[in-house]
>>> print(open('coords_21.cif').read())   # mmCIF, C-alpha atoms
data_upload
loop_
_atom_site.label_atom_id
_atom_site.label_comp_id
_atom_site.auth_asym_id
_atom_site.auth_seq_id
_atom_site.Cartn_x
_atom_site.Cartn_y
_atom_site.Cartn_z
CA MET A 1 -22.66 -15.11 18.55
CA ILE A 2 -19.80 -16.79 20.40
CA PHE A 3 -17.75 -17.00 17.21
CA GLN A 4 -18.51 -13.39 16.40
CA SER A 5 -17.16 -12.17 19.74
CA ALA A 6 -14.09 -14.38 19.32
CA PHE A 7 -13.54 -12.83 15.90
CA TYR A 8 -13.74 -9.32 17.35
CA SER A 9 -11.34 -10.26 20.13
CA ILE A 10 -8.80 -11.78 17.77
CA ALA A 11 -9.08 -8.86 15.34
CA LEU A 12 -8.66 -6.25 18.05
CA ILE A 13 -5.73 -8.05 19.66
CA ILE A 14 -3.96 -8.29 16.31
CA SER A 15 -4.69 -4.62 15.61
CA ILE A 16 -3.44 -3.47 19.02
CA ILE A 17 -0.22 -5.48 18.60
CA GLU A 18 0.22 -3.90 15.17
CA ILE A 19 -0.41 -0.38 16.52
CA ILE A 20 1.97 -0.81 19.46
CA THR A 21 4.68 -2.20 17.18
CA GLY A 22 4.10 0.57 14.65
CA SER A 23 4.16 3.31 17.26
CA ILE A 24 7.45 2.04 18.68
CA ILE A 25 8.98 1.76 15.21
CA GLY A 26 7.58 5.17 14.18
CA THR A 27 8.91 6.87 17.31
CA ILE A 28 12.34 5.31 16.82
CA ILE A 29 12.42 6.36 13.15
CA THR A 30 11.27 9.88 14.01
CA LYS A 31 13.86 10.22 16.77
CA TRP A 32 16.61 8.87 14.52
CA LEU A 33 15.72 11.12 11.57
CA ALA A 34 15.41 14.19 13.82
CA SER A 35 18.85 13.55 15.30
CA LYS A 36 20.26 13.01 11.82
CA LYS A 37 18.91 16.42 10.79
CA LYS A 38 20.24 17.88 14.08
CA TRP A 39 16.73 18.73 15.25
CA ASP A 40 15.42 18.18 18.75
CA SER A 41 15.49 14.40 19.18
CA LEU A 42 13.56 14.01 22.41
CA PHE A 43 11.47 10.88 22.82
CA LYS A 44 8.42 12.94 23.83
CA VAL A 45 8.52 15.06 20.67
CA ALA A 46 8.99 11.97 18.47
CA PHE A 47 6.05 10.30 20.19
CA LEU A 48 3.85 13.39 19.72
CA VAL A 49 4.67 13.43 16.00
CA ASN A 50 3.47 9.81 15.81
CA LEU A 51 0.39 10.35 17.98
CA PRO A 52 -2.01 11.12 15.07
CA TRP A 53 -0.93 7.86 13.44
CA ILE A 54 -1.56 5.92 16.65
CA LEU A 55 -5.01 7.38 17.27
CA LEU A 56 -6.16 7.14 13.66
CA SER A 57 -4.88 3.58 13.37
CA LEU A 58 -6.79 2.58 16.47
CA ILE A 59 -10.04 4.10 15.17
CA LEU A 60 -9.62 2.55 11.72
CA SER A 61 -8.79 -0.85 13.18
CA ILE A 62 -12.02 -0.89 15.15
CA LEU A 63 -13.98 0.16 12.05
CA GLU A 64 -12.17 -2.43 9.93
CA THR A 65 -13.10 -5.16 12.36
CA PHE A 66 -16.74 -4.14 12.13
CA TYR A 67 -16.76 -3.98 8.30
CA ILE A 68 -14.83 -7.20 7.89
CA SER A 69 -17.12 -9.09 10.23
CA ILE A 70 -20.17 -7.94 8.26
CA ILE A 71 -18.60 -8.96 4.94
CA TYR A 72 -17.49 -12.39 6.13
CA MET A 73 -20.64 -13.23 8.01
CA ASP A 74 -22.65 -12.57 4.83
CA PHE A 75 -20.11 -13.60 2.17
CA PRO A 76 -17.60 -16.09 3.64
CA LEU A 77 -16.09 -17.09 0.28
CA ILE A 78 -14.88 -13.59 -0.64
CA THR A 79 -11.17 -13.48 0.15
CA ILE A 80 -9.93 -10.32 -1.57
CA ASN A 81 -12.24 -7.84 0.17
CA ILE A 82 -10.54 -8.02 3.54
CA PHE A 83 -7.15 -7.10 2.09
CA MET A 84 -8.69 -4.31 -0.01
CA ILE A 85 -10.43 -2.83 3.05
CA VAL A 86 -7.15 -2.84 4.96
CA ILE A 87 -5.25 -1.22 2.06
CA VAL A 88 -7.89 1.48 1.51
CA ASN A 89 -7.81 2.28 5.22
CA LEU A 90 -4.01 2.49 5.11
CA LEU A 91 -4.19 4.95 2.20
CA ILE A 92 -6.80 7.10 3.93
CA ALA A 93 -4.74 7.07 7.10
CA PHE A 94 -1.60 7.97 5.15
CA VAL A 95 -3.16 11.13 3.73
CA ILE A 96 -4.71 12.23 7.04
CA ASN A 97 -1.53 11.42 8.98
CA THR A 98 0.63 13.30 6.48
CA ILE A 99 -1.43 16.44 6.99
CA LEU A 100 -1.71 16.21 10.78
CA SER A 101 1.89 15.14 11.40
CA THR A 102 3.24 17.82 9.05
CA LEU A 103 1.41 20.45 11.07
CA LEU A 104 2.75 18.93 14.29
CA VAL A 105 6.34 18.83 13.01
CA HIS A 106 5.98 22.40 11.77
CA ARG A 107 4.75 23.47 15.22
CA LEU A 108 7.02 21.33 17.45
CA TYR A 109 10.28 21.63 15.52
CA ARG A 110 9.57 25.15 14.24
CA LYS A 111 10.55 24.29 10.69
CA GLU A 112 9.12 25.43 7.36
CA LEU A 113 6.15 23.51 6.00
CA ASN A 114 8.07 22.03 3.07
CA ASN A 115 10.81 20.71 5.41
CA SER A 116 8.13 19.38 7.74
CA LEU A 117 6.29 17.71 4.87
CA PHE A 118 9.47 16.04 3.60
CA PHE A 119 10.35 14.86 7.13
CA VAL A 120 6.89 13.41 7.77
CA THR A 121 6.56 11.86 4.32
CA LEU A 122 9.87 10.04 4.72
CA ILE A 123 8.84 8.70 8.13
CA LEU A 124 5.38 7.66 6.95
CA ILE A 125 6.67 5.93 3.82
CA ILE A 126 8.99 3.78 5.91
CA LEU A 127 6.28 3.18 8.49
CA TYR A 128 3.59 2.36 5.93
CA ILE A 129 5.80 -0.10 4.08
CA LEU A 130 6.09 -1.96 7.37
CA MET A 131 2.36 -1.53 8.06
CA PHE A 132 1.57 -2.88 4.58
CA ILE A 133 3.41 -6.06 5.52
CA PHE A 134 1.58 -6.15 8.86
CA ALA A 135 -1.74 -5.54 7.04
CA PHE A 136 -1.12 -8.53 4.81
CA ILE A 137 -0.38 -10.71 7.84
CA ARG A 138 -3.36 -9.28 9.74
CA SER A 139 -5.75 -9.88 6.83
CA TYR A 140 -4.57 -13.49 6.66
CA PHE A 141 -5.30 -14.05 10.35
CA LEU A 142 -8.63 -12.23 10.14
CA VAL A 143 -9.71 -14.44 7.24
CA LEU A 144 -8.80 -17.49 9.29
CA ALA A 145 -10.72 -16.13 12.27
CA ALA A 146 -13.75 -15.21 10.15
CA ILE A 147 -13.91 -18.58 8.35
CA SER A 148 -13.62 -20.67 11.50
#
>>> encode(input="coords_21.cif", output="structure tokens")
Amino acid sequence: MIFQSAFYSIALIISIIEIITGSIIGTIITKWLASKKKWDSLFKVAFLVNLPWILLSLILSILETFYISIIYMDFPLITINIFMIVIVNLLIAFVINTILSTLLVHRLYRKELNNSLFFVTLILIILYILMFIFAFIRSYFLVLAAIS
């Protein structure tokens, strides 16, 4: 049980660092792209556009930690599952975030839905490329934490 709580702690700390880093990067990208399009480039608006990503990422990270711990406590030699769980969660989050953030951009910036969708998709593609790299690093550390 001690190792299990250490695993949860390590997994949640890594996830929180990833979410904080991603939210900062996402807010900066949103603010930069909004100013480039000559839209309102306030920090608060950029943060609100990224808020669904932050909340959903936090929820999925907690669920991932739970699923991964079950898999590795029962099947410690399976190494591909952890990365697949992370990638599937990223894809689910991408779709949900695209919908929610598009509606937020449409409402906050008062732009047409197709402009909002293009704006959000561009931000999320950049952000998810970075998160894919973070997911690979996170899955490596989670495997190390689960095996030890």
>>> resolve_selection(input="coords_21.cif", expression="the PyMOL selection byres ((chain A and resi 39-42) around 10)", output="count of residues only")
20
>>> residues_around(input="coords_21.cif", residues="A:Ile59", least_positions_apart="3", cutoff="12 Å", atoms="only C-alpha atoms", output="PyMOL selection string")
chain A and resi 12+15-16+19+52-56+62-66+89-90+93
>>> closest_residue(input="coords_21.cif", among="A:Leu48, A:Glu112, A:Leu104, A:Gly26", to="A:Ile125", atoms="all atoms listed in the file")
A:Gly26
>>> atom_distance(input="coords_21.cif", atom1="atom CA of A:Ile10", atom2="atom CA of A:Ser23")
19.9 Å
>>> atom_distance(input="coords_21.cif", atom1="atom CA of A:Phe94", atom2="atom CA of A:Ser139")
18.4 Å
>>> decode(input="coords_21.cif", residues="stretch 96-111 of chain A", atoms="all heavy atoms", output="PDB file, in the first residue's frame")
ATOM      1  N   ILE A  96     -13.396  16.972 -27.148  1.00  0.00           N
ATOM      2  CA  ILE A  96     -14.233  17.710 -26.200  1.00  0.00           C
ATOM      3  C   ILE A  96     -13.760  19.163 -26.080  1.00  0.00           C
ATOM      4  O   ILE A  96     -14.576  20.091 -26.082  1.00  0.00           O
ATOM      5  CB  ILE A  96     -14.235  17.015 -24.825  1.00  0.00           C
ATOM      6  CG1 ILE A  96     -14.933  15.659 -24.936  1.00  0.00           C
ATOM      7  CG2 ILE A  96     -14.914  17.884 -23.778  1.00  0.00           C
ATOM      8  CD1 ILE A  96     -14.799  14.794 -23.706  1.00  0.00           C
ATOM      9  N   ASN A  97     -12.452  19.360 -26.008  1.00  0.00           N
ATOM     10  CA  ASN A  97     -11.915  20.722 -25.899  1.00  0.00           C
ATOM     11  C   ASN A  97     -12.178  21.548 -27.150  1.00  0.00           C
ATOM     12  O   ASN A  97     -12.404  22.753 -27.061  1.00  0.00           O
ATOM     13  CB  ASN A  97     -10.422  20.692 -25.609  1.00  0.00           C
ATOM     14  CG  ASN A  97     -10.136  20.363 -24.184  1.00  0.00           C
ATOM     15  OD1 ASN A  97     -10.871  20.741 -23.297  1.00  0.00           O
ATOM     16  ND2 ASN A  97      -9.076  19.630 -23.958  1.00  0.00           N
ATOM     17  N   THR A  98     -12.124  20.918 -28.310  1.00  0.00           N
ATOM     18  CA  THR A  98     -12.412  21.636 -29.551  1.00  0.00           C
ATOM     19  C   THR A  98     -13.834  22.179 -29.524  1.00  0.00           C
ATOM     20  O   THR A  98     -14.073  23.350 -29.852  1.00  0.00           O
ATOM     21  CB  THR A  98     -12.204  20.725 -30.774  1.00  0.00           C
ATOM     22  OG1 THR A  98     -10.853  20.254 -30.782  1.00  0.00           O
ATOM     23  CG2 THR A  98     -12.486  21.468 -32.063  1.00  0.00           C
ATOM     24  N   ILE A  99     -14.763  21.350 -29.101  1.00  0.00           N
ATOM     25  CA  ILE A  99     -16.168  21.775 -29.057  1.00  0.00           C
ATOM     26  C   ILE A  99     -16.372  22.878 -28.020  1.00  0.00           C
ATOM     27  O   ILE A  99     -16.919  23.943 -28.331  1.00  0.00           O
ATOM     28  CB  ILE A  99     -17.079  20.567 -28.766  1.00  0.00           C
ATOM     29  CG1 ILE A  99     -17.033  19.575 -29.935  1.00  0.00           C
ATOM     30  CG2 ILE A  99     -18.513  21.014 -28.495  1.00  0.00           C
ATOM     31  CD1 ILE A  99     -17.642  18.223 -29.638  1.00  0.00           C
ATOM     32  N   LEU A 100     -15.921  22.642 -26.791  1.00  0.00           N
ATOM     33  CA  LEU A 100     -16.135  23.626 -25.725  1.00  0.00           C
ATOM     34  C   LEU A 100     -15.403  24.940 -25.994  1.00  0.00           C
ATOM     35  O   LEU A 100     -15.961  26.027 -25.812  1.00  0.00           O
ATOM     36  CB  LEU A 100     -15.697  23.051 -24.382  1.00  0.00           C
ATOM     37  CG  LEU A 100     -16.528  21.886 -23.841  1.00  0.00           C
ATOM     38  CD1 LEU A 100     -15.921  21.364 -22.542  1.00  0.00           C
ATOM     39  CD2 LEU A 100     -17.968  22.305 -23.630  1.00  0.00           C
ATOM     40  N   SER A 101     -14.147  24.856 -26.408  1.00  0.00           N
ATOM     41  CA  SER A 101     -13.369  26.077 -26.647  1.00  0.00           C
ATOM     42  C   SER A 101     -13.883  26.848 -27.861  1.00  0.00           C
ATOM     43  O   SER A 101     -13.843  28.079 -27.869  1.00  0.00           O
ATOM     44  CB  SER A 101     -11.890  25.733 -26.821  1.00  0.00           C
ATOM     45  OG  SER A 101     -11.376  25.220 -25.616  1.00  0.00           O
ATOM     46  N   THR A 102     -14.384  26.144 -28.869  1.00  0.00           N
ATOM     47  CA  THR A 102     -14.970  26.837 -30.023  1.00  0.00           C
ATOM     48  C   THR A 102     -16.186  27.644 -29.593  1.00  0.00           C
ATOM     49  O   THR A 102     -16.349  28.800 -29.995  1.00  0.00           O
ATOM     50  CB  THR A 102     -15.362  25.827 -31.120  1.00  0.00           C
ATOM     51  OG1 THR A 102     -14.192  25.148 -31.557  1.00  0.00           O
ATOM     52  CG2 THR A 102     -16.006  26.524 -32.306  1.00  0.00           C
ATOM     53  N   LEU A 103     -17.016  27.053 -28.749  1.00  0.00           N
ATOM     54  CA  LEU A 103     -18.178  27.784 -28.248  1.00  0.00           C
ATOM     55  C   LEU A 103     -17.762  28.982 -27.389  1.00  0.00           C
ATOM     56  O   LEU A 103     -18.369  30.051 -27.470  1.00  0.00           O
ATOM     57  CB  LEU A 103     -19.093  26.839 -27.464  1.00  0.00           C
ATOM     58  CG  LEU A 103     -19.761  25.745 -28.296  1.00  0.00           C
ATOM     59  CD1 LEU A 103     -20.520  24.781 -27.398  1.00  0.00           C
ATOM     60  CD2 LEU A 103     -20.668  26.342 -29.364  1.00  0.00           C
ATOM     61  N   LEU A 104     -16.702  28.805 -26.595  1.00  0.00           N
ATOM     62  CA  LEU A 104     -16.199  29.919 -25.790  1.00  0.00           C
ATOM     63  C   LEU A 104     -15.628  31.041 -26.655  1.00  0.00           C
ATOM     64  O   LEU A 104     -15.883  32.219 -26.404  1.00  0.00           O
ATOM     65  CB  LEU A 104     -15.125  29.437 -24.820  1.00  0.00           C
ATOM     66  CG  LEU A 104     -15.599  28.969 -23.463  1.00  0.00           C
ATOM     67  CD1 LEU A 104     -14.440  28.378 -22.674  1.00  0.00           C
ATOM     68  CD2 LEU A 104     -16.225  30.083 -22.679  1.00  0.00           C
ATOM     69  N   VAL A 105     -14.845  30.676 -27.656  1.00  0.00           N
ATOM     70  CA  VAL A 105     -14.273  31.697 -28.555  1.00  0.00           C
ATOM     71  C   VAL A 105     -15.389  32.409 -29.299  1.00  0.00           C
ATOM     72  O   VAL A 105     -15.366  33.636 -29.445  1.00  0.00           O
ATOM     73  CB  VAL A 105     -13.264  31.051 -29.533  1.00  0.00           C
ATOM     74  CG1 VAL A 105     -12.895  31.992 -30.664  1.00  0.00           C
ATOM     75  CG2 VAL A 105     -12.013  30.625 -28.791  1.00  0.00           C
ATOM     76  N   HIS A 106     -16.375  31.647 -29.757  1.00  0.00           N
ATOM     77  CA  HIS A 106     -17.518  32.238 -30.445  1.00  0.00           C
ATOM     78  C   HIS A 106     -18.233  33.248 -29.543  1.00  0.00           C
ATOM     79  O   HIS A 106     -18.624  34.321 -29.978  1.00  0.00           O
ATOM     80  CB  HIS A 106     -18.477  31.124 -30.877  1.00  0.00           C
ATOM     81  CG  HIS A 106     -19.755  31.598 -31.465  1.00  0.00           C
ATOM     82  ND1 HIS A 106     -19.827  32.268 -32.669  1.00  0.00           N
ATOM     83  CD2 HIS A 106     -21.029  31.494 -31.018  1.00  0.00           C
ATOM     84  CE1 HIS A 106     -21.089  32.554 -32.933  1.00  0.00           C
ATOM     85  NE2 HIS A 106     -21.841  32.095 -31.939  1.00  0.00           N
ATOM     86  N   ARG A 107     -18.370  32.910 -28.281  1.00  0.00           N
ATOM     87  CA  ARG A 107     -19.081  33.771 -27.325  1.00  0.00           C
ATOM     88  C   ARG A 107     -18.216  34.949 -26.856  1.00  0.00           C
ATOM     89  O   ARG A 107     -18.690  36.077 -26.802  1.00  0.00           O
ATOM     90  CB  ARG A 107     -19.474  32.946 -26.115  1.00  0.00           C
ATOM     91  CG  ARG A 107     -20.184  33.728 -25.069  1.00  0.00           C
ATOM     92  CD  ARG A 107     -21.419  33.277 -24.889  1.00  0.00           C
ATOM     93  NE  ARG A 107     -22.425  33.135 -24.053  1.00  0.00           N
ATOM     94  CZ  ARG A 107     -23.661  33.261 -24.489  1.00  0.00           C
ATOM     95  NH1 ARG A 107     -23.880  33.561 -25.733  1.00  0.00           N
ATOM     96  NH2 ARG A 107     -24.659  33.081 -23.706  1.00  0.00           N
ATOM     97  N   LEU A 108     -16.950  34.694 -26.514  1.00  0.00           N
ATOM     98  CA  LEU A 108     -16.091  35.742 -25.952  1.00  0.00           C
ATOM     99  C   LEU A 108     -15.592  36.736 -27.003  1.00  0.00           C
ATOM    100  O   LEU A 108     -15.522  37.935 -26.744  1.00  0.00           O
ATOM    101  CB  LEU A 108     -14.902  35.123 -25.221  1.00  0.00           C
ATOM    102  CG  LEU A 108     -15.221  34.315 -23.968  1.00  0.00           C
ATOM    103  CD1 LEU A 108     -13.979  33.610 -23.466  1.00  0.00           C
ATOM    104  CD2 LEU A 108     -15.802  35.204 -22.889  1.00  0.00           C
ATOM    105  N   TYR A 109     -15.211  36.208 -28.177  1.00  0.00           N
ATOM    106  CA  TYR A 109     -14.672  37.087 -29.209  1.00  0.00           C
ATOM    107  C   TYR A 109     -15.749  37.577 -30.183  1.00  0.00           C
ATOM    108  O   TYR A 109     -15.475  38.396 -31.046  1.00  0.00           O
ATOM    109  CB  TYR A 109     -13.566  36.377 -29.995  1.00  0.00           C
ATOM    110  CG  TYR A 109     -12.287  36.188 -29.213  1.00  0.00           C
ATOM    111  CD1 TYR A 109     -11.863  34.925 -28.829  1.00  0.00           C
ATOM    112  CD2 TYR A 109     -11.496  37.271 -28.870  1.00  0.00           C
ATOM    113  CE1 TYR A 109     -10.679  34.746 -28.129  1.00  0.00           C
ATOM    114  CE2 TYR A 109     -10.311  37.111 -28.174  1.00  0.00           C
ATOM    115  CZ  TYR A 109      -9.912  35.844 -27.807  1.00  0.00           C
ATOM    116  OH  TYR A 109      -8.734  35.671 -27.120  1.00  0.00           O
ATOM    117  N   ARG A 110     -16.933  37.004 -30.075  1.00  0.00           N
ATOM    118  CA  ARG A 110     -18.055  37.342 -30.954  1.00  0.00           C
ATOM    119  C   ARG A 110     -17.692  37.164 -32.428  1.00  0.00           C
ATOM    120  O   ARG A 110     -17.890  38.066 -33.251  1.00  0.00           O
ATOM    121  CB  ARG A 110     -18.557  38.748 -30.671  1.00  0.00           C
ATOM    122  CG  ARG A 110     -19.201  38.899 -29.325  1.00  0.00           C
ATOM    123  CD  ARG A 110     -19.595  40.331 -29.057  1.00  0.00           C
ATOM    124  NE  ARG A 110     -20.376  40.557 -27.869  1.00  0.00           N
ATOM    125  CZ  ARG A 110     -19.994  40.351 -26.622  1.00  0.00           C
ATOM    126  NH1 ARG A 110     -18.831  39.832 -26.391  1.00  0.00           N
ATOM    127  NH2 ARG A 110     -20.778  40.618 -25.598  1.00  0.00           N
ATOM    128  N   LYS A 111     -17.163  36.000 -32.737  1.00  0.00           N
ATOM    129  CA  LYS A 111     -16.789  35.662 -34.107  1.00  0.00           C
ATOM    130  C   LYS A 111     -17.688  34.532 -34.600  1.00  0.00           C
ATOM    131  O   LYS A 111     -18.346  33.848 -33.819  1.00  0.00           O
ATOM    132  CB  LYS A 111     -15.315  35.211 -34.171  1.00  0.00           C
ATOM    133  CG  LYS A 111     -14.328  36.246 -33.692  1.00  0.00           C
ATOM    134  CD  LYS A 111     -14.337  37.467 -34.560  1.00  0.00           C
ATOM    135  CE  LYS A 111     -13.410  38.536 -34.015  1.00  0.00           C
ATOM    136  NZ  LYS A 111     -13.487  39.767 -34.744  1.00  0.00           N
TER     137      LYS A 111
END
